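Have a look at the structure below, then the notes.
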Amino acid sequence: MSLNDPRWGNQGNDQERDRPKDGPPDLDELWRDVNRRLGGLFGRRGGGGGNGGGGGNMPSLSPRQFGGGLGALIVLVLLVWGASGFYIVDANQRGVVLRFGDYIETTEPGLHLRLPFPIESHELVDVTGVRTIEVGYRGAERNKVLREALMLTDDENIINIQFAVQYILKSPEDYLFNNRHPDEAVAQAAETAVRQIVGRNRMDFVLYEGREEIAVRAKDLMQEILDRYQTGIQISQVTMRNAQPPEQVQAAFDDAVKAGQDRVRQTNEGQAYANDVIPKARGTASRLAEEANGYAARVVANAEGEASRFAQVLAEYRKAPKVTRERMYIETMQDMYSNTTKIMVDTKGNGNLMLMPLDKLIQSAGAGEAARSEPRSAPGAAPVTDTSRQAAIGDDVRSRDFLRNSRELGGR
């Protein structure tokens, strides 16, 4: 209520005070009241007074003036309503325009115009920002969500897997209209894909050597599922945060891991020992085989040589049997006595015991031949004296006597 209102405070219209309270409203008074309010709205002030009013500082409006002000107000409202159709799309966004809730178009970054609300509306969607979904944990790895993290492997073991999925939007309209909760769809697709892959592999593969492979296969399977549901989402990366047995069986699992490591260590030690022994055994076998082959070749060569010598002796024997027979006998006896230490005793003599140390005689004969073949002493050796020369000559004579006696024994 304005301060210029004649009804403010004790001011007022006497006619209004005199009018009965239970009667119908006065139309003239209502019109004057509307004029005063419109005058205060548009800031108009005047010097003339109204009919029977105490606040004569506001002029009254005629119906024509009232219609002009209302039209200006309507035009102003229309301009503001039309200007609400302008909107700006940032570089990392796309604008989706809707007409009465139905999809019309997708706009690129920049300034755009659409029909004002409620005819058309728009939604701005970030298409370059990387979004992350965590499965099996929230925020930190210690904040586990066992309902999502516990999975069953192919060998019927339970493991705890935590991973994160990063994705971007490739189709804003599909992201907005084809699924009610697309982010939850990503989480469900990620859990489904990882459970399927884990369920087809053994626990050791999942925990150790197959973590990177599982992440790659999970990414491809998730993308296939999301494309089937037309979510408009592109999976950029799947990261395996943690994979381990449940806490309830961690101690038993550690013991099993240690046992497996001991088995691998002992296997490696056995393999190293085998790598050391087997080559030696193969070398020994190869050496024995070569020695056997050499022995066989030597025996065969000796046999062939003996056969050839026999053939040559046979040819000479046919030419001179007696001479050949004596030579063969002498050579045989020489070979036989050269390898024995027996003593020859003449029992048909006059009773005197005559010993013949054949081994000493043969050694003396060998020394005499060496002395004859090397008459000059080598530098630094002892000089050859007359005594040693006479000893060598005596040994040679004794050897000739021995050979002569051997022929006579052979003739007897």
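Residues in the structure tokens are numbered from 1 in each chain, the chains being A, B, ... in the order shown, and ligands are numbered from 1 in the order shown.
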**Message:** Can you tell me which residues surround A:Leu226 at a distance of at most 8 Å, considering only C-alpha atoms, apart from same-chain residues fewer than 4 positions away, and format the answer as a PyMOL selection string?
**Reply:** chain A and resi 185-186+189+222+230-233
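Residues of stretch 143-249 of chain A carrying a DSSP assignment of strand (DSSP E or B), computed from the backbone, are Asn143, Lys144, Leu150, Met151, Leu152, Ile158, Ile159, Asn160, Ile161, Gln162, Phe163, Ala164, Val165, Gln166, Tyr167, Ile168, Leu169, Ile233, Gln234, Ile235, Ser236, Gln237, Val238, Thr239, Met240, Arg241, Asn242, Ala243 and Gln244 of chain A.
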**Prompt:** Got a sec: who's within 8 Å of A:Val130, counting only C-alpha atoms, leaving out chain neighbours fewer than 3 positions off, as a ChimeraX atom specification?
**Reply:** /A:166-168
Output all heavy atoms of each residue in that selection to a file, as a short mmCIF file (atom, residue, chain, number, x, y, z; two decimals), in the first residue's frame.
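This is the output file part.cif:
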```cif
data_model
loop_
_atom_site.label_atom_id
_atom_site.label_comp_id
_atom_site.auth_asym_id
_atom_site.auth_seq_id
_atom_site.Cartn_x
_atom_site.Cartn_y
_atom_site.Cartn_z
N GLN A 166 36.61 -45.90 -17.53
CA GLN A 166 36.56 -44.52 -18.01
C GLN A 166 35.89 -44.49 -19.37
O GLN A 166 36.21 -45.31 -20.23
CB GLN A 166 37.97 -43.92 -18.08
CG GLN A 166 38.67 -43.81 -16.74
CD GLN A 166 40.06 -43.25 -16.85
OE1 GLN A 166 40.61 -43.13 -17.95
NE2 GLN A 166 40.66 -42.89 -15.72
N TYR A 167 34.99 -43.52 -19.56
CA TYR A 167 34.23 -43.47 -20.82
C TYR A 167 33.88 -42.02 -21.15
O TYR A 167 33.91 -41.13 -20.29
CB TYR A 167 32.96 -44.31 -20.72
CG TYR A 167 31.96 -43.83 -19.69
CD1 TYR A 167 30.90 -43.00 -20.04
CD2 TYR A 167 32.07 -44.20 -18.35
CE1 TYR A 167 29.99 -42.55 -19.11
CE2 TYR A 167 31.17 -43.76 -17.40
CZ TYR A 167 30.13 -42.93 -17.79
OH TYR A 167 29.22 -42.49 -16.85
N ILE A 168 33.57 -41.80 -22.43
CA ILE A 168 33.11 -40.51 -22.94
C ILE A 168 31.82 -40.74 -23.72
O ILE A 168 31.41 -41.88 -23.94
CB ILE A 168 34.18 -39.84 -23.82
CG1 ILE A 168 34.54 -40.75 -24.99
CG2 ILE A 168 35.42 -39.50 -22.99
CD1 ILE A 168 35.54 -40.12 -25.96
#
```
**Prompt:** Skipping near chain neighbours, those fewer than 3 positions away, what residues fall within 12 Å of A:Glu247 using only C-alpha atoms, listed as an MDAnalysis selection string?
**Reply:** chainID A and resid 142 144 146 150 158:160 243:244 250:254
**Request:** Pick out each residue of stretch 74-250 of chain A that DSSP on the backbone tags as alpha helix (DSSP H); I need them as number ranges by chain.
**Result:** A: 74-83, 146-149, 172-177, 182-198, 203-204, 211-228, 250
**Asked** Near A:Ser236, within 12 Å and counting only C-alpha atoms, which residues show up once chain neighbours fewer than 4 positions away are dropped, as a ChimeraX atom specification?
**Response** /A:128-133,164-170,215-216,218-220,222-223
Within 12 Å of A:Val135, counting only C-alpha atoms, which residues qualify if same-chain residues fewer than 3 places away don't, as a PDB file with N, CA, C and O atoms, in the first residue's frame?
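Contents of the output file result.pdb:
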```
ATOM      1  N   THR A 132      34.086 -41.536 -14.997  1.00  0.00           N
ATOM      2  CA  THR A 132      34.653 -42.736 -14.373  1.00  0.00           C
ATOM      3  C   THR A 132      33.588 -43.444 -13.554  1.00  0.00           C
ATOM      4  O   THR A 132      32.835 -42.804 -12.817  1.00  0.00           O
ATOM      5  N   ARG A 138      34.668 -47.847  -3.717  1.00  0.00           N
ATOM      6  CA  ARG A 138      34.212 -46.474  -3.850  1.00  0.00           C
ATOM      7  C   ARG A 138      35.282 -45.542  -3.293  1.00  0.00           C
ATOM      8  O   ARG A 138      35.591 -45.574  -2.106  1.00  0.00           O
ATOM      9  N   GLY A 139      35.876 -44.747  -4.151  1.00  0.00           N
ATOM     10  CA  GLY A 139      36.848 -43.759  -3.721  1.00  0.00           C
ATOM     11  C   GLY A 139      38.231 -44.336  -3.518  1.00  0.00           C
ATOM     12  O   GLY A 139      39.182 -43.942  -4.172  1.00  0.00           O
ATOM     13  N   ALA A 140      38.400 -45.236  -2.567  1.00  0.00           N
ATOM     14  CA  ALA A 140      39.683 -45.867  -2.272  1.00  0.00           C
ATOM     15  C   ALA A 140      39.511 -47.376  -2.296  1.00  0.00           C
ATOM     16  O   ALA A 140      38.403 -47.901  -2.137  1.00  0.00           O
ATOM     17  N   GLU A 141      40.630 -48.070  -2.493  1.00  0.00           N
ATOM     18  CA  GLU A 141      40.562 -49.526  -2.615  1.00  0.00           C
ATOM     19  C   GLU A 141      40.154 -50.203  -1.315  1.00  0.00           C
ATOM     20  O   GLU A 141      39.624 -51.311  -1.332  1.00  0.00           O
ATOM     21  N   ASN A 143      37.810 -49.172   0.583  1.00  0.00           N
ATOM     22  CA  ASN A 143      36.350 -49.069   0.695  1.00  0.00           C
ATOM     23  C   ASN A 143      35.715 -50.054  -0.287  1.00  0.00           C
ATOM     24  O   ASN A 143      35.269 -49.691  -1.375  1.00  0.00           O
ATOM     25  N   LYS A 144      35.691 -51.294   0.096  1.00  0.00           N
ATOM     26  CA  LYS A 144      35.257 -52.355  -0.801  1.00  0.00           C
ATOM     27  C   LYS A 144      33.737 -52.468  -0.817  1.00  0.00           C
ATOM     28  O   LYS A 144      33.068 -52.222   0.182  1.00  0.00           O
ATOM     29  N   VAL A 145      33.245 -52.849  -1.983  1.00  0.00           N
ATOM     30  CA  VAL A 145      31.832 -53.192  -2.151  1.00  0.00           C
ATOM     31  C   VAL A 145      31.803 -54.670  -2.549  1.00  0.00           C
ATOM     32  O   VAL A 145      31.945 -55.018  -3.723  1.00  0.00           O
ATOM     33  N   LEU A 146      31.665 -55.531  -1.555  1.00  0.00           N
ATOM     34  CA  LEU A 146      31.821 -56.967  -1.794  1.00  0.00           C
ATOM     35  C   LEU A 146      30.763 -57.504  -2.745  1.00  0.00           C
ATOM     36  O   LEU A 146      31.003 -58.482  -3.451  1.00  0.00           O
ATOM     37  N   ARG A 147      29.609 -56.896  -2.761  1.00  0.00           N
ATOM     38  CA  ARG A 147      28.562 -57.387  -3.659  1.00  0.00           C
ATOM     39  C   ARG A 147      28.989 -57.292  -5.115  1.00  0.00           C
ATOM     40  O   ARG A 147      28.603 -58.115  -5.947  1.00  0.00           O
ATOM     41  N   GLU A 148      29.812 -56.316  -5.444  1.00  0.00           N
ATOM     42  CA  GLU A 148      30.309 -56.149  -6.808  1.00  0.00           C
ATOM     43  C   GLU A 148      31.671 -56.798  -7.010  1.00  0.00           C
ATOM     44  O   GLU A 148      32.004 -57.204  -8.115  1.00  0.00           O
ATOM     45  N   ALA A 149      32.488 -56.884  -5.948  1.00  0.00           N
ATOM     46  CA  ALA A 149      33.887 -57.295  -6.106  1.00  0.00           C
ATOM     47  C   ALA A 149      34.083 -58.810  -6.115  1.00  0.00           C
ATOM     48  O   ALA A 149      35.009 -59.305  -6.763  1.00  0.00           O
ATOM     49  N   LEU A 150      33.265 -59.569  -5.388  1.00  0.00           N
ATOM     50  CA  LEU A 150      33.463 -61.016  -5.290  1.00  0.00           C
ATOM     51  C   LEU A 150      32.982 -61.695  -6.564  1.00  0.00           C
ATOM     52  O   LEU A 150      31.828 -61.525  -6.978  1.00  0.00           O
ATOM     53  N   MET A 151      33.872 -62.485  -7.182  1.00  0.00           N
ATOM     54  CA  MET A 151      33.557 -63.181  -8.428  1.00  0.00           C
ATOM     55  C   MET A 151      34.087 -64.609  -8.361  1.00  0.00           C
ATOM     56  O   MET A 151      35.050 -64.894  -7.644  1.00  0.00           O
ATOM     57  N   ASN A 160      38.557 -61.411  -5.243  1.00  0.00           N
ATOM     58  CA  ASN A 160      38.082 -60.043  -5.031  1.00  0.00           C
ATOM     59  C   ASN A 160      38.722 -59.154  -6.086  1.00  0.00           C
ATOM     60  O   ASN A 160      39.936 -58.951  -6.084  1.00  0.00           O
ATOM     61  N   ILE A 161      37.904 -58.611  -6.985  1.00  0.00           N
ATOM     62  CA  ILE A 161      38.406 -57.809  -8.101  1.00  0.00           C
ATOM     63  C   ILE A 161      37.841 -56.400  -7.983  1.00  0.00           C
ATOM     64  O   ILE A 161      36.638 -56.214  -7.784  1.00  0.00           O
ATOM     65  N   GLN A 162      38.704 -55.412  -8.132  1.00  0.00           N
ATOM     66  CA  GLN A 162      38.320 -54.002  -8.139  1.00  0.00           C
ATOM     67  C   GLN A 162      38.879 -53.363  -9.406  1.00  0.00           C
ATOM     68  O   GLN A 162      40.071 -53.503  -9.694  1.00  0.00           O
ATOM     69  N   PHE A 163      38.034 -52.667 -10.140  1.00  0.00           N
ATOM     70  CA  PHE A 163      38.474 -52.044 -11.382  1.00  0.00           C
ATOM     71  C   PHE A 163      37.670 -50.778 -11.627  1.00  0.00           C
ATOM     72  O   PHE A 163      36.603 -50.559 -11.024  1.00  0.00           O
ATOM     73  N   ALA A 164      38.204 -49.936 -12.493  1.00  0.00           N
ATOM     74  CA  ALA A 164      37.579 -48.664 -12.847  1.00  0.00           C
ATOM     75  C   ALA A 164      37.413 -48.592 -14.360  1.00  0.00           C
ATOM     76  O   ALA A 164      38.246 -49.094 -15.114  1.00  0.00           O
ATOM     77  N   VAL A 165      36.312 -47.945 -14.772  1.00  0.00           N
ATOM     78  CA  VAL A 165      35.981 -47.814 -16.195  1.00  0.00           C
ATOM     79  C   VAL A 165      35.885 -46.330 -16.525  1.00  0.00           C
ATOM     80  O   VAL A 165      35.161 -45.580 -15.856  1.00  0.00           O
ATOM     81  N   GLN A 166      36.613 -45.895 -17.528  1.00  0.00           N
ATOM     82  CA  GLN A 166      36.565 -44.515 -18.005  1.00  0.00           C
ATOM     83  C   GLN A 166      35.890 -44.487 -19.374  1.00  0.00           C
ATOM     84  O   GLN A 166      36.210 -45.312 -20.231  1.00  0.00           O
ATOM     85  N   GLU A 184      24.385 -45.915 -14.776  1.00  0.00           N
ATOM     86  CA  GLU A 184      24.173 -47.206 -14.136  1.00  0.00           C
ATOM     87  C   GLU A 184      24.281 -48.346 -15.143  1.00  0.00           C
ATOM     88  O   GLU A 184      24.742 -49.448 -14.802  1.00  0.00           O
ATOM     89  N   VAL A 186      26.358 -48.399 -17.607  1.00  0.00           N
ATOM     90  CA  VAL A 186      27.796 -48.641 -17.774  1.00  0.00           C
ATOM     91  C   VAL A 186      28.326 -49.521 -16.648  1.00  0.00           C
ATOM     92  O   VAL A 186      29.089 -50.476 -16.879  1.00  0.00           O
ATOM     93  N   ALA A 187      27.928 -49.224 -15.397  1.00  0.00           N
ATOM     94  CA  ALA A 187      28.383 -50.025 -14.262  1.00  0.00           C
ATOM     95  C   ALA A 187      27.906 -51.469 -14.372  1.00  0.00           C
ATOM     96  O   ALA A 187      28.661 -52.415 -14.127  1.00  0.00           O
ATOM     97  N   GLN A 188      26.668 -51.661 -14.764  1.00  0.00           N
ATOM     98  CA  GLN A 188      26.145 -53.024 -14.891  1.00  0.00           C
ATOM     99  C   GLN A 188      26.808 -53.776 -16.040  1.00  0.00           C
ATOM    100  O   GLN A 188      27.115 -54.968 -15.925  1.00  0.00           O
ATOM    101  N   ALA A 189      27.049 -53.082 -17.158  1.00  0.00           N
ATOM    102  CA  ALA A 189      27.735 -53.730 -18.276  1.00  0.00           C
ATOM    103  C   ALA A 189      29.173 -54.097 -17.901  1.00  0.00           C
ATOM    104  O   ALA A 189      29.670 -55.165 -18.274  1.00  0.00           O
ATOM    105  N   ALA A 190      29.849 -53.229 -17.137  1.00  0.00           N
ATOM    106  CA  ALA A 190      31.225 -53.529 -16.710  1.00  0.00           C
ATOM    107  C   ALA A 190      31.256 -54.746 -15.797  1.00  0.00           C
ATOM    108  O   ALA A 190      32.089 -55.653 -15.967  1.00  0.00           O
ATOM    109  N   GLU A 191      30.368 -54.803 -14.832  1.00  0.00           N
ATOM    110  CA  GLU A 191      30.338 -55.947 -13.920  1.00  0.00           C
ATOM    111  C   GLU A 191      30.000 -57.233 -14.665  1.00  0.00           C
ATOM    112  O   GLU A 191      30.596 -58.295 -14.416  1.00  0.00           O
ATOM    113  N   THR A 192      29.064 -57.159 -15.600  1.00  0.00           N
ATOM    114  CA  THR A 192      28.684 -58.343 -16.368  1.00  0.00           C
ATOM    115  C   THR A 192      29.852 -58.855 -17.214  1.00  0.00           C
ATOM    116  O   THR A 192      30.132 -60.058 -17.263  1.00  0.00           O
ATOM    117  N   ALA A 193      30.545 -57.935 -17.884  1.00  0.00           N
ATOM    118  CA  ALA A 193      31.651 -58.345 -18.755  1.00  0.00           C
ATOM    119  C   ALA A 193      32.788 -58.983 -17.955  1.00  0.00           C
ATOM    120  O   ALA A 193      33.325 -60.028 -18.337  1.00  0.00           O
ATOM    121  N   VAL A 194      33.142 -58.370 -16.841  1.00  0.00           N
ATOM    122  CA  VAL A 194      34.261 -58.905 -16.046  1.00  0.00           C
ATOM    123  C   VAL A 194      33.879 -60.245 -15.429  1.00  0.00           C
ATOM    124  O   VAL A 194      34.697 -61.176 -15.369  1.00  0.00           O
ATOM    125  N   ARG A 195      32.656 -60.385 -14.962  1.00  0.00           N
ATOM    126  CA  ARG A 195      32.231 -61.673 -14.395  1.00  0.00           C
ATOM    127  C   ARG A 195      32.266 -62.777 -15.452  1.00  0.00           C
ATOM    128  O   ARG A 195      32.650 -63.915 -15.169  1.00  0.00           O
ATOM    129  N   VAL A 238      39.783 -49.482 -19.357  1.00  0.00           N
ATOM    130  CA  VAL A 238      39.408 -50.293 -18.194  1.00  0.00           C
ATOM    131  C   VAL A 238      40.695 -50.577 -17.420  1.00  0.00           C
ATOM    132  O   VAL A 238      41.652 -51.123 -17.974  1.00  0.00           O
ATOM    133  N   THR A 239      40.725 -50.185 -16.149  1.00  0.00           N
ATOM    134  CA  THR A 239      41.924 -50.320 -15.314  1.00  0.00           C
ATOM    135  C   THR A 239      41.642 -51.276 -14.175  1.00  0.00           C
ATOM    136  O   THR A 239      40.697 -51.065 -13.402  1.00  0.00           O
ATOM    137  N   MET A 240      42.467 -52.336 -14.070  1.00  0.00           N
ATOM    138  CA  MET A 240      42.353 -53.284 -12.964  1.00  0.00           C
ATOM    139  C   MET A 240      43.093 -52.715 -11.759  1.00  0.00           C
ATOM    140  O   MET A 240      44.310 -52.601 -11.756  1.00  0.00           O
ATOM    141  N   ARG A 241      42.338 -52.336 -10.731  1.00  0.00           N
ATOM    142  CA  ARG A 241      42.937 -51.755  -9.536  1.00  0.00           C
ATOM    143  C   ARG A 241      43.541 -52.818  -8.626  1.00  0.00           C
ATOM    144  O   ARG A 241      44.662 -52.683  -8.158  1.00  0.00           O
ATOM    145  N   ASN A 242      42.816 -53.874  -8.371  1.00  0.00           N
ATOM    146  CA  ASN A 242      43.279 -54.877  -7.421  1.00  0.00           C
ATOM    147  C   ASN A 242      42.582 -56.191  -7.726  1.00  0.00           C
ATOM    148  O   ASN A 242      41.425 -56.212  -8.147  1.00  0.00           O
TER     149      ASN A 242
END
```
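Taking atom CA of A:Ser364 and atom CA of A:Asp335 as the two end points, the separation is 16.5 Å.
You will find atom CA of A:Glu156 at 13.7 Å from atom CA of A:Ile197.
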8 Å contact set for stretch 300-314 of chain A, only C-alpha atoms, chain neighbours under 4 positions out, as a short mmCIF file (atom, residue, chain, number, x, y, z; two decimals) with N, CA, C and O atoms, in the first residue's frame:
```cif
data_model
loop_
_atom_site.label_atom_id
_atom_site.label_comp_id
_atom_site.auth_asym_id
_atom_site.auth_seq_id
_atom_site.Cartn_x
_atom_site.Cartn_y
_atom_site.Cartn_z
N ALA A 296 87.16 -101.12 -32.94
CA ALA A 296 86.71 -101.98 -34.03
C ALA A 296 87.55 -101.75 -35.28
O ALA A 296 87.95 -102.71 -35.97
N ARG A 318 106.20 -120.94 -49.97
CA ARG A 318 106.13 -121.81 -51.13
C ARG A 318 107.44 -121.77 -51.93
O ARG A 318 107.82 -122.75 -52.56
N THR A 324 111.95 -120.28 -44.54
CA THR A 324 110.79 -119.52 -44.02
C THR A 324 110.34 -120.07 -42.70
O THR A 324 109.96 -119.32 -41.77
#
```
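Rounded to one decimal, atom CA of A:Phe100 and atom CA of A:Val125 lie 18.9 Å from each other.
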